[in-house]
Amino acid sequence: PEHTGVYPWKVLPPPPPPKDEQAPVSAITSPAHGAVFSTTTVLILGTAWDAGSGVTKVEVGLRDLSTLDETWHLAEGTATFKRLFPGLQDWHSYRVRSRATDNSGNVETPTSVVDFKIDLPPGPVTNLAAAPAPLGTSATLTWDALAIPDLAGYRVYDAAGALIATVSTASHSLTGLTPGGTYTFRFSAVDLAGQEGPKSALTFSTPKDSACSAY
C-alpha cells in the first residue's frame, strides 16, 4: 500500500517528581542561649522550612539538665512555631531542641539547641520578731532564714523606706532607740543575681521600763 508519511504519536506522561529524601530544618529563635528567667513559665519560639514536600509538624524537646530527662512536645505551627512550658523549677537549668517532620516522613536530626535557667526572686521574710532591751534604747530583730541555694543576704528598711542595713544572717541589732517609742521596719531577701523578694513589715514598741510589746 502507498505510504502516507503520517505516524501516530503517543503522548507519554511526565516523569514522576524526584523522591523527597531531604529532611526539613528548624531553628529556635527565642529564648537566647544562656537566658535566665524569673518565672516558671517559658515560651519557646522558632522557625522551620523544607524545600521539598513541606513541613507537617514541629516538636520541641525539653530536658532538665539536673536529671537529663528529655520529653518531646508537639509545637503549635510549622513555618513559625511556639511551645509554652509551664511548671519549671527554680534553680534548674533546661535545654530545648527542635525537630521538624515533612510531608514525606523525613525527620530532622535536631541541631538547634538552647539552654536557659530558672532563677526566681526570693520569697518573703517571715516570722519577724523584735526583742527590745529593758532600757528601751536598743533591740534585736530576728526572722526565719530562707532556705534557698542562691541567697545573698537580707535588706533592712526603716519606716520611710530608706535602706539602713544589708546583713548576711537572719538578725539585725538596732541602737539609739527612744524608750517608749514605736518603730516600723521592713525586711526583704536578696539573691546572688540581685533579685529582691517582697518586703515584710514589723512594728514594735520599746519599753519605758521592762515591759515590751511587739505585733
# chains A, B, ... in the order shown; residues from 1 in each chain; ligands from 1
call {"tool": "select_by_dssp", "arguments": {"residues": "range 7-215 of chain A", "states": "strand (DSSP E)", "output": "NGL selection string"}}
result
:A and (25-30 or 35-37 or 42-49 or 55-64 or 69-74 or 80-85 or 93-102 or 113-118 or 129-132 or 138-142 or 151-157 or 163-167 or 171-175 or 182-191 or 200-205 or 213-214)
call {"tool": "write_last_selection", "arguments": {"atoms": "C-alpha atoms", "output": "short mmCIF file (atom, residue, chain, number, x, y, z; two decimals), in the first residue's frame"}}
result
data_model
loop_
_atom_site.label_atom_id
_atom_site.label_comp_id
_atom_site.auth_asym_id
_atom_site.auth_seq_id
_atom_site.Cartn_x
_atom_site.Cartn_y
_atom_site.Cartn_z
CA VAL A 25 15.35 22.23 59.05
CA SER A 26 14.18 24.07 62.17
CA ALA A 27 15.69 26.67 64.48
CA ILE A 28 14.78 28.04 67.89
CA THR A 29 14.72 31.83 67.74
CA SER A 30 13.72 32.59 71.34
CA ALA A 35 18.87 33.25 79.18
CA VAL A 36 17.81 33.45 82.84
CA PHE A 37 14.10 33.65 83.71
CA VAL A 42 8.85 29.89 79.38
CA LEU A 43 7.69 30.35 75.78
CA ILE A 44 9.78 28.76 73.03
CA LEU A 45 9.62 30.30 69.54
CA GLY A 46 11.16 29.13 66.29
CA THR A 47 11.00 28.69 62.52
CA ALA A 48 11.05 25.64 60.24
CA TRP A 49 11.30 25.11 56.49
CA VAL A 55 6.82 20.83 56.97
CA THR A 56 3.95 18.91 58.55
CA LYS A 57 4.88 19.25 62.24
CA VAL A 58 7.49 20.55 64.65
CA GLU A 59 8.30 19.12 68.06
CA VAL A 60 10.24 20.73 70.90
CA GLY A 61 12.26 18.64 73.32
CA LEU A 62 12.68 19.78 76.92
CA ARG A 63 15.50 18.39 79.06
CA ASP A 64 16.11 19.14 82.73
CA ASP A 69 15.35 13.51 81.32
CA GLU A 70 14.07 14.75 77.94
CA THR A 71 10.48 14.79 76.71
CA TRP A 72 9.23 15.83 73.26
CA HIS A 73 6.15 18.01 72.79
CA LEU A 74 4.19 18.98 69.69
CA THR A 80 6.74 29.54 62.64
CA PHE A 81 6.13 27.56 65.78
CA LYS A 82 5.75 28.05 69.50
CA ARG A 83 5.54 25.90 72.59
CA LEU A 84 4.79 27.04 76.16
CA PHE A 85 6.41 25.20 79.05
CA SER A 93 18.80 24.61 84.06
CA TYR A 94 16.98 23.36 80.97
CA ARG A 95 17.83 22.54 77.36
CA VAL A 96 15.37 22.78 74.47
CA ARG A 97 15.80 21.32 70.98
CA SER A 98 13.55 21.39 67.93
CA ARG A 99 12.93 18.80 65.24
CA ALA A 100 10.70 19.09 62.18
CA THR A 101 8.97 16.41 60.10
CA ASP A 102 7.98 16.92 56.45
CA VAL A 113 19.91 23.78 70.94
CA VAL A 114 19.18 26.47 73.54
CA ASP A 115 19.99 26.31 77.26
CA PHE A 116 18.29 28.51 79.85
CA LYS A 117 17.92 28.74 83.61
CA ILE A 118 15.09 29.44 86.06
CA ALA A 129 10.26 39.33 115.90
CA ALA A 130 11.69 42.17 117.97
CA ALA A 131 13.48 41.83 121.31
CA PRO A 132 13.97 45.34 122.77
CA SER A 138 18.22 49.09 121.59
CA ALA A 139 16.60 45.99 120.11
CA THR A 140 17.45 42.83 118.24
CA LEU A 141 15.33 41.97 115.22
CA THR A 142 15.13 38.38 114.03
CA LEU A 151 20.63 33.59 98.94
CA ALA A 152 22.94 36.61 99.13
CA GLY A 153 21.52 38.25 102.26
CA TYR A 154 18.77 40.45 103.65
CA ARG A 155 17.92 44.15 103.46
CA VAL A 156 16.51 46.18 106.33
CA TYR A 157 14.50 49.35 105.65
CA LEU A 163 17.79 51.11 103.33
CA ILE A 164 19.57 51.06 106.69
CA ALA A 165 21.39 47.72 106.58
CA THR A 166 22.30 44.72 104.46
CA VAL A 167 23.05 41.61 106.50
CA SER A 171 19.07 39.10 112.55
CA HIS A 172 19.90 42.76 112.97
CA SER A 173 20.70 44.89 116.02
CA LEU A 174 19.35 48.41 116.46
CA THR A 175 20.76 51.10 118.73
CA THR A 182 7.09 52.82 118.31
CA TYR A 183 9.10 51.73 115.29
CA THR A 184 8.38 50.06 111.95
CA PHE A 185 10.96 48.26 109.85
CA ARG A 186 10.70 46.28 106.63
CA PHE A 187 12.78 43.30 105.57
CA SER A 188 13.49 41.53 102.28
CA ALA A 189 15.74 38.79 100.96
CA VAL A 190 18.13 39.23 98.02
CA ASP A 191 19.63 36.51 95.83
CA SER A 200 7.69 42.20 105.12
CA ALA A 201 6.92 44.72 107.89
CA LEU A 202 7.43 44.57 111.64
CA THR A 203 6.14 47.18 114.11
CA PHE A 204 7.20 47.13 117.76
CA SER A 205 7.40 49.40 120.79
CA SER A 213 5.05 44.75 123.19
CA ALA A 214 5.57 43.57 119.59
#
call {"tool": "residues_around", "arguments": {"residues": "Gly52 in chain A", "least_positions_apart": "3", "cutoff": "9 Å", "atoms": "only C-alpha atoms", "output": "list in words"}}
result
Lys19, Asp20, Glu21, Gln22, Ala23, Pro24, Val55, Asp102, Asn103 and Ser104 of chain A
call {"tool": "atom_distance", "arguments": {"atom1": "CA of Ser66 in chain A", "atom2": "CA of Pro124 in chain A"}}
result
26.4 Å
call {"tool": "atom_distance", "arguments": {"atom1": "CA of Thr67 in chain A", "atom2": "CA of Asp119 in chain A"}}
result
17.4 Å
call {"tool": "closest_residue", "arguments": {"among": "A:Val11, A:Ala147, A:Ala170, A:Val107", "to": "Gly54 in chain A", "atoms": "only C-alpha atoms"}}
result
A:Val107
call {"tool": "atom_distance", "arguments": {"atom1": "CA of Gly180 in chain A", "atom2": "CA of Leu135 in chain A"}}
result
9.5 Å
